[in-house]
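Chemist: Handing you this structure, nothing more for now.
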Amino acid sequence: MSAAALTLRFARRDLNNRFAGSFSGGLWALFQPLLQLAVTSAVFVYVFKARVPGIDAPEYVPFLATALWPWVAFAEAVLRSTTAIQDNAALIGKVALPREILVLASVGTSFAIHIVGFIAIMLVLAVMGHGIHWQHLLPALLLYVPLLALALGLALICAAIQVFVRDLVQALGQLLPLLMFGAPVYYDRAQLPERFRWLLDFNPFTFYAESFRALLLDYGVFSFRHLGVALLGAAITLLIGRWLFHRLDPHFEDFL
Amino acid sequence: MNAPLIVAQGLGKSYPKVHRNSDRLRALGRLLFTGEDPDRISVLRDVNLEIRRGESLGLIGENGAGKSTLLKLITGVLTPTTGSVEVNGEIGALLELGAGFHPEYSGRDNIAMSAALHGLDGTELRKRLPEIIAFADIGRYIDEPVKHYSSGMVVRLGFAVIASLKPDLLVTDEVLAVGDESFQKKCVQWMQDYLAGGGTLILVSHSMYHIQKLCRHACWLRGGEVAMSGDVFDVTQAYLAYHEQKFAPKRNPQLAARGNVEFSVVSIALNDEESERPLLLDMGAALNVRARVHSRDGRVPCLAIGIVRADGTPVYGVSTEMDGCMPQRIGADEYLCELQFSDLALLPGNYSVRVHPLDSEGVRVFDTRERGLTIRGASRELGMVRLAHRWNHAPSGDTAP
């Protein structure tokens, strides 16, 4: 059996693990970003009176939704797969298998769930007339490819280090929101003071947030130069992740 | 077909010393940047092993001798610290209980996962599933989560999966011990068929009976090193003798206090040899057992002498009291006894001669002393002794010797 088939089997088991015994089943995963969207947009729109700057600016809800779903997929993939090796210690100690499969399966399930959610919410928003360019949905979905590569690279690094340093997952829980607030997910680049805007370009997620909006809301410009940088960044992260994972892989058993 | 299936050279494994959490961080840094971690505890050193197709190797040794570590290195679960191991075939491994089963899932789900991990695809699995379930024979539990299984049921399930895979090499780690009698028999039977069909086996067990029954070679690990390897009977014999000796220091204080025991064996000589090494005899040779017994109160002891097979199965035993004879007094508190077997009918194999002094009435046993006995020969007869026999339909000249 190929590694791909084994990955699929693990991904299916991961899906089952997440929803087996939970009352709402798989719905919860779809529901969670929806709830997050509802709560945050309520707070931002009605409490902070948030508006997206610009004359042809979209409403706040589709503005947030286009960037929030990819973020949730990314953040959840990294956070959950950080413990992928540690959680499967019993299996690793008894069966010889390529361990990166466990990380890949975990990243894969997070993306699968949230891409489905993303498509659903985009279609709903499009039908309700919130200015979603649903024709651009397919190219927008292609953006998930480098995002997944980036997440997988980070996940491989984190999962390998987590075996040795168990505090990593706690630290990540604190660091990921920082990364989110450091990217234009809840706000737009234009809302930042001029002298801080350049900082956004150092955040790997900035490109994704802005590109999803450029494609689906026609808000901002889709830059192919940035796409090139993002692809390169994702590829390098993935390579580093694989290198580090394989370097530490032979020693996992000693530290689990 | 005779290419080595496994070649291990200079195989060694050591574990990092991790006492505090900062050690983990330091180890991570060392592994990442220098590629090595000097601060380690060695559990296996310089093991050289070559196993050919169709061979069967029993791995024996005390707890913590490195048996499981060696198996994990062979199966690729662990990475060797030094040396290398090369495997040219499919391995089916049953390491410890559970073999990677997920406790929340049903037996059926775990079979599927386990089979997938061993490289079975969906269609192949569907074909073999009934066979696996039949072999495991755990009834309706097959659809219960594994966490509700008894340890025996877990082993049944694990073994059933491995059995259906028919791997080139089967590696099992002390799992038979948990199964009940009939399942053990079933597994042993299956392994015998598997070996007869050209399979290769590495078996870890503390049951010398299983080792001798299934393996032709044995390897004895002691403190992470190969203490002895070779023919299964030689190795198991030496291993058992080693355990006997481990108890000897405990017996020594008793020896000093022998005066307090009413009767104790002073020495045993087999065919006039008093050494501790097993006596080598050809089949049908004569055996003379001479034992000197110390008697605290100078009373006449009764002496029982018996022969047991290496695994402890009694072959024959007799006492002076049964035969109505008395040990000979050779000193104020010492008696001598001499027993002669003129034509020893034992079949080739490893045996022990045991001597027990009993009280004058032949009721209480006071001491046990043992000497190894190896019978050489090339007989294909089965069992332990040659019973006098004759094929009646043939002329008497053609009978067996």
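Labels for the structure tokens follow display order: chains A, B, ..., residues from 1 in each chain, ligands from 1.
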Sorted by chain and rising residue number, list the residues of chain B at most 6 Å from chain A (counting only C-alpha atoms), each with its closest atom pair and distance in Å to one decimal, as a tab-separated table.
Modeler:
```
residue	atom	partner	partner_atom	distance
B:Tyr15	CA	A:Asp254	CA	6.0
B:Arg24	CA	A:Phe164	CA	5.5
B:Gly76	CA	A:Ala96	CA	5.6
B:Val77	CA	A:Ala96	CA	4.6
B:Thr79	CA	A:Pro250	CA	5.4
B:Leu95	CA	A:Lys94	CA	5.8
B:Ala99	CA	A:Lys94	CA	5.6
B:Gly100	CA	A:Leu91	CA	4.3
B:Gly119	CA	A:Met1	CA	4.5
B:Leu120	CA	A:Met1	CA	5.9
B:Asp121	CA	A:Met1	CA	5.5
```
Chemist: Keeping only C-alpha atoms, write the selected residues to a file as a PDB file, in the first residue's frame.
Modeler:
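Final file, again_17.pdb:
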```pdb
ATOM      1  CA  TYR B  15      19.218   6.002  25.048  1.00  0.00           C
ATOM      2  CA  ARG B  24      15.605  17.506  26.427  1.00  0.00           C
ATOM      3  CA  GLY B  76      12.882  -0.479  12.077  1.00  0.00           C
ATOM      4  CA  VAL B  77      10.869   1.003  14.916  1.00  0.00           C
ATOM      5  CA  THR B  79      17.142   3.566  14.778  1.00  0.00           C
ATOM      6  CA  LEU B  95       5.937  -6.145  19.509  1.00  0.00           C
ATOM      7  CA  ALA B  99       0.770  -3.780  18.385  1.00  0.00           C
ATOM      8  CA  GLY B 100      -0.399  -0.243  17.883  1.00  0.00           C
ATOM      9  CA  GLY B 119       0.826  -2.772   3.510  1.00  0.00           C
ATOM     10  CA  LEU B 120      -2.443  -4.553   2.764  1.00  0.00           C
ATOM     11  CA  ASP B 121      -4.807  -2.657   0.485  1.00  0.00           C
TER      12      ASP B 121
END
```
Chemist: Neighbouring residues of Gln191 (chain A) were defined as those with any atom within 8 Å, considering only C-alpha atoms; residues of the same chain fewer than 3 positions away were excluded. Please report them as a ChimeraX atom specification.
Modeler: /A:53,187-188
Chemist: Those selected residues, please, written with all heavy atoms and delivered as a CSV table (one decimal), in the first residue's frame.
Modeler:
```csv
chain,number,residue,atom,x,y,z
A,53,PRO,N,-12.3,50.5,4.9
A,53,PRO,CA,-12.1,51.8,4.2
A,53,PRO,C,-12.2,51.7,2.7
A,53,PRO,O,-12.0,50.6,2.1
A,53,PRO,CB,-10.6,52.1,4.7
A,53,PRO,CG,-10.0,50.8,5.0
A,53,PRO,CD,-11.1,50.0,5.5
A,187,TYR,N,-8.6,43.7,10.0
A,187,TYR,CA,-8.6,45.0,9.5
A,187,TYR,C,-7.9,45.1,8.1
A,187,TYR,O,-7.5,44.0,7.6
A,187,TYR,CB,-7.8,45.9,10.5
A,187,TYR,CG,-6.4,45.3,10.8
A,187,TYR,CD1,-5.3,45.6,10.0
A,187,TYR,CD2,-6.2,44.5,11.9
A,187,TYR,CE1,-4.0,45.1,10.2
A,187,TYR,CE2,-4.9,43.9,12.1
A,187,TYR,CZ,-3.9,44.3,11.3
A,187,TYR,OH,-2.6,43.7,11.5
A,188,ASP,N,-7.9,46.2,7.6
A,188,ASP,CA,-7.2,46.4,6.3
A,188,ASP,C,-5.9,47.1,6.4
A,188,ASP,O,-5.7,47.9,7.4
A,188,ASP,CB,-8.1,47.1,5.3
A,188,ASP,CG,-7.5,47.1,3.9
A,188,ASP,OD1,-7.4,46.0,3.3
A,188,ASP,OD2,-7.1,48.2,3.5
```
Chemist: Taking 4 positions as the minimum chain separation for residues in the same chain, which residues sit within 12 Å of region 135-139 of chain A when counting only C-alpha atoms? Answer as a list in words.
Modeler: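 The filter keeps Thr66, Ile115, Phe118, Ile119, Ala120, Ile121, Met122, Leu123, Ala126, Gly131, Leu143, Tyr144, Val145, Ser211, Phe212, Arg213, Ala214, Leu215, Leu216, Leu217, Asp218 and Phe222 of chain A.
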Chemist: Take the selection from the previous step and output its residues with N, CA and C atoms, as a PDB file, in the first residue's frame.
Modeler:
```
ATOM      1  N   THR A  66     -13.644  36.172   4.137  1.00  0.00           N
ATOM      2  CA  THR A  66     -12.697  35.733   3.108  1.00  0.00           C
ATOM      3  C   THR A  66     -11.304  35.467   3.695  1.00  0.00           C
ATOM      4  N   ILE A 115     -11.780  24.013   4.169  1.00  0.00           N
ATOM      5  CA  ILE A 115     -12.018  24.386   2.766  1.00  0.00           C
ATOM      6  C   ILE A 115     -13.482  24.140   2.432  1.00  0.00           C
ATOM      7  N   PHE A 118     -15.288  26.925   3.888  1.00  0.00           N
ATOM      8  CA  PHE A 118     -15.011  28.138   3.116  1.00  0.00           C
ATOM      9  C   PHE A 118     -15.885  28.201   1.879  1.00  0.00           C
ATOM     10  N   ILE A 119     -15.927  27.097   1.142  1.00  0.00           N
ATOM     11  CA  ILE A 119     -16.752  27.075  -0.075  1.00  0.00           C
ATOM     12  C   ILE A 119     -18.204  27.351   0.276  1.00  0.00           C
ATOM     13  N   ALA A 120     -18.664  26.712   1.357  1.00  0.00           N
ATOM     14  CA  ALA A 120     -20.062  26.873   1.758  1.00  0.00           C
ATOM     15  C   ALA A 120     -20.360  28.335   2.082  1.00  0.00           C
ATOM     16  N   ILE A 121     -19.512  28.939   2.899  1.00  0.00           N
ATOM     17  CA  ILE A 121     -19.815  30.312   3.339  1.00  0.00           C
ATOM     18  C   ILE A 121     -19.726  31.284   2.165  1.00  0.00           C
ATOM     19  N   MET A 122     -18.787  31.030   1.250  1.00  0.00           N
ATOM     20  CA  MET A 122     -18.657  31.921   0.095  1.00  0.00           C
ATOM     21  C   MET A 122     -19.902  31.839  -0.782  1.00  0.00           C
ATOM     22  N   LEU A 123     -20.376  30.602  -0.986  1.00  0.00           N
ATOM     23  CA  LEU A 123     -21.571  30.455  -1.818  1.00  0.00           C
ATOM     24  C   LEU A 123     -22.774  31.092  -1.140  1.00  0.00           C
ATOM     25  N   ALA A 126     -22.461  34.751  -1.516  1.00  0.00           N
ATOM     26  CA  ALA A 126     -22.702  35.147  -2.903  1.00  0.00           C
ATOM     27  C   ALA A 126     -24.201  35.171  -3.203  1.00  0.00           C
ATOM     28  N   GLY A 131     -21.723  40.550  -2.547  1.00  0.00           N
ATOM     29  CA  GLY A 131     -20.645  41.002  -3.420  1.00  0.00           C
ATOM     30  C   GLY A 131     -19.479  40.050  -3.545  1.00  0.00           C
ATOM     31  N   LEU A 143      -5.196  29.098  -4.062  1.00  0.00           N
ATOM     32  CA  LEU A 143      -4.329  29.738  -3.067  1.00  0.00           C
ATOM     33  C   LEU A 143      -4.109  28.820  -1.858  1.00  0.00           C
ATOM     34  N   TYR A 144      -5.039  27.890  -1.668  1.00  0.00           N
ATOM     35  CA  TYR A 144      -4.898  26.974  -0.526  1.00  0.00           C
ATOM     36  C   TYR A 144      -3.705  26.046  -0.703  1.00  0.00           C
ATOM     37  N   VAL A 145      -3.240  25.890  -1.957  1.00  0.00           N
ATOM     38  CA  VAL A 145      -2.118  24.972  -2.178  1.00  0.00           C
ATOM     39  C   VAL A 145      -0.834  25.472  -1.513  1.00  0.00           C
ATOM     40  N   SER A 211      -4.836  38.471  -0.831  1.00  0.00           N
ATOM     41  CA  SER A 211      -5.105  37.873  -2.135  1.00  0.00           C
ATOM     42  C   SER A 211      -6.497  37.275  -2.214  1.00  0.00           C
ATOM     43  N   PHE A 212      -6.936  36.635  -1.109  1.00  0.00           N
ATOM     44  CA  PHE A 212      -8.306  36.104  -1.105  1.00  0.00           C
ATOM     45  C   PHE A 212      -9.293  37.240  -1.340  1.00  0.00           C
ATOM     46  N   ARG A 213      -9.040  38.356  -0.696  1.00  0.00           N
ATOM     47  CA  ARG A 213      -9.945  39.493  -0.856  1.00  0.00           C
ATOM     48  C   ARG A 213      -9.869  40.072  -2.262  1.00  0.00           C
ATOM     49  N   ALA A 214      -8.660  40.141  -2.808  1.00  0.00           N
ATOM     50  CA  ALA A 214      -8.514  40.686  -4.161  1.00  0.00           C
ATOM     51  C   ALA A 214      -9.290  39.841  -5.154  1.00  0.00           C
ATOM     52  N   LEU A 215      -9.231  38.515  -4.959  1.00  0.00           N
ATOM     53  CA  LEU A 215      -9.898  37.637  -5.914  1.00  0.00           C
ATOM     54  C   LEU A 215     -11.407  37.601  -5.700  1.00  0.00           C
ATOM     55  N   LEU A 216     -11.825  37.448  -4.456  1.00  0.00           N
ATOM     56  CA  LEU A 216     -13.242  37.177  -4.207  1.00  0.00           C
ATOM     57  C   LEU A 216     -14.063  38.447  -4.034  1.00  0.00           C
ATOM     58  N   LEU A 217     -13.435  39.513  -3.539  1.00  0.00           N
ATOM     59  CA  LEU A 217     -14.191  40.743  -3.294  1.00  0.00           C
ATOM     60  C   LEU A 217     -13.772  41.850  -4.240  1.00  0.00           C
ATOM     61  N   ASP A 218     -12.736  41.545  -5.055  1.00  0.00           N
ATOM     62  CA  ASP A 218     -12.210  42.575  -5.947  1.00  0.00           C
ATOM     63  C   ASP A 218     -11.743  43.778  -5.137  1.00  0.00           C
ATOM     64  N   PHE A 222      -4.450  41.940  -6.881  1.00  0.00           N
ATOM     65  CA  PHE A 222      -3.735  40.667  -6.762  1.00  0.00           C
ATOM     66  C   PHE A 222      -2.367  40.826  -7.411  1.00  0.00           C
TER      67      PHE A 222
END
```
Chemist: Residues at most 12 Å from Asp311 (chain B), counting only C-alpha atoms, excluding those fewer than 6 positions away in the same chain, as an NGL selection string?
Modeler: :B and (206-213 or 233 or 236-237 or 239-241 or 349-352 or 372 or 384)
Chemist: Can you spit out the residues from that selection as a short mmCIF file (atom, residue, chain, number, x, y, z; two decimals), in the first residue's frame, using N, CA, C and O atoms?
Modeler:
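Printed below is selection_29.cif as written:
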```cif
data_model
loop_
_atom_site.label_atom_id
_atom_site.label_comp_id
_atom_site.auth_asym_id
_atom_site.auth_seq_id
_atom_site.Cartn_x
_atom_site.Cartn_y
_atom_site.Cartn_z
N HIS B 206 10.24 -16.32 27.35
CA HIS B 206 10.87 -16.81 28.56
C HIS B 206 10.53 -18.27 28.78
O HIS B 206 10.94 -18.87 29.75
N SER B 207 9.74 -18.79 27.86
CA SER B 207 9.40 -20.20 27.97
C SER B 207 10.37 -21.01 27.12
O SER B 207 10.31 -20.99 25.89
N MET B 208 11.30 -21.68 27.78
CA MET B 208 12.29 -22.48 27.05
C MET B 208 11.60 -23.57 26.26
O MET B 208 12.10 -24.04 25.25
N TYR B 209 10.42 -23.94 26.74
CA TYR B 209 9.65 -24.97 26.04
C TYR B 209 9.29 -24.48 24.64
O TYR B 209 9.50 -25.16 23.65
N HIS B 210 8.74 -23.26 24.58
CA HIS B 210 8.38 -22.72 23.26
C HIS B 210 9.60 -22.49 22.39
O HIS B 210 9.58 -22.76 21.20
N ILE B 211 10.66 -22.00 23.01
CA ILE B 211 11.89 -21.73 22.25
C ILE B 211 12.40 -23.03 21.64
O ILE B 211 12.70 -23.11 20.46
N GLN B 212 12.45 -24.07 22.47
CA GLN B 212 13.00 -25.34 21.97
C GLN B 212 12.08 -25.97 20.95
O GLN B 212 12.51 -26.65 20.03
N LYS B 213 10.79 -25.73 21.13
CA LYS B 213 9.84 -26.35 20.22
C LYS B 213 9.88 -25.68 18.85
O LYS B 213 9.73 -26.34 17.83
N PHE B 233 19.49 -26.02 21.80
CA PHE B 233 19.58 -26.78 23.05
C PHE B 233 20.81 -26.37 23.85
O PHE B 233 20.76 -26.23 25.06
N THR B 236 19.98 -22.77 25.33
CA THR B 236 18.98 -22.75 26.40
C THR B 236 19.54 -23.46 27.64
O THR B 236 19.31 -23.03 28.77
N GLN B 237 20.30 -24.52 27.41
CA GLN B 237 20.91 -25.24 28.52
C GLN B 237 21.83 -24.33 29.32
O GLN B 237 21.76 -24.24 30.54
N TYR B 239 21.78 -21.15 29.35
CA TYR B 239 20.99 -20.08 29.95
C TYR B 239 20.35 -20.55 31.25
O TYR B 239 20.38 -19.85 32.27
N LEU B 240 19.80 -21.76 31.20
CA LEU B 240 19.19 -22.29 32.41
C LEU B 240 20.24 -22.52 33.49
O LEU B 240 20.01 -22.25 34.67
N ALA B 241 21.40 -22.99 33.06
CA ALA B 241 22.48 -23.23 34.02
C ALA B 241 22.90 -21.92 34.66
O ALA B 241 23.18 -21.85 35.86
N GLY B 349 19.58 -35.36 23.23
CA GLY B 349 18.99 -34.13 23.74
C GLY B 349 19.67 -33.73 25.03
O GLY B 349 20.69 -34.31 25.42
N ASN B 350 19.10 -32.74 25.69
CA ASN B 350 19.68 -32.26 26.93
C ASN B 350 18.82 -32.65 28.12
O ASN B 350 17.61 -32.47 28.09
N TYR B 351 19.47 -33.15 29.13
CA TYR B 351 18.76 -33.62 30.32
C TYR B 351 19.51 -33.16 31.56
O TYR B 351 20.62 -32.64 31.48
N SER B 352 18.90 -33.36 32.68
CA SER B 352 19.59 -33.10 33.94
C SER B 352 19.40 -34.31 34.84
O SER B 352 18.34 -34.95 34.81
N GLY B 372 24.04 -31.36 34.56
CA GLY B 372 23.60 -31.46 33.16
C GLY B 372 24.07 -32.75 32.52
O GLY B 372 25.09 -33.32 32.92
N MET B 384 11.35 -39.03 24.48
CA MET B 384 12.51 -38.85 25.34
C MET B 384 13.31 -40.13 25.52
O MET B 384 14.51 -40.09 25.70
#
```
Chemist: Mind the document's chain letters and residue numbers, and return as a PyMOL selection string the residues of region 112-152 of chain A that DSSP labels helix (DSSP H, G or I).
Modeler: chain A and resi 112-127+134-142+144-152
Chemist: Excluding Val266 (chain B) and its own-chain neighbours fewer than 5 positions away, which residues fall within 7 Å of it when counting only C-alpha atoms? Please give them as a VMD selection string.
Modeler: chain B and resid 292 to 294
Chemist: Limited to C-alpha atoms, could you put the picked residues into a file as an mmCIF file, in the first residue's frame?
Modeler:
```cif
data_model
loop_
_atom_site.group_PDB
_atom_site.id
_atom_site.type_symbol
_atom_site.label_atom_id
_atom_site.label_comp_id
_atom_site.auth_asym_id
_atom_site.auth_seq_id
_atom_site.Cartn_x
_atom_site.Cartn_y
_atom_site.Cartn_z
ATOM 1 C CA ARG B 292 27.682 -38.250 48.761
ATOM 2 C CA VAL B 293 25.231 -37.028 51.323
ATOM 3 C CA HIS B 294 25.888 -35.274 54.602
#
```
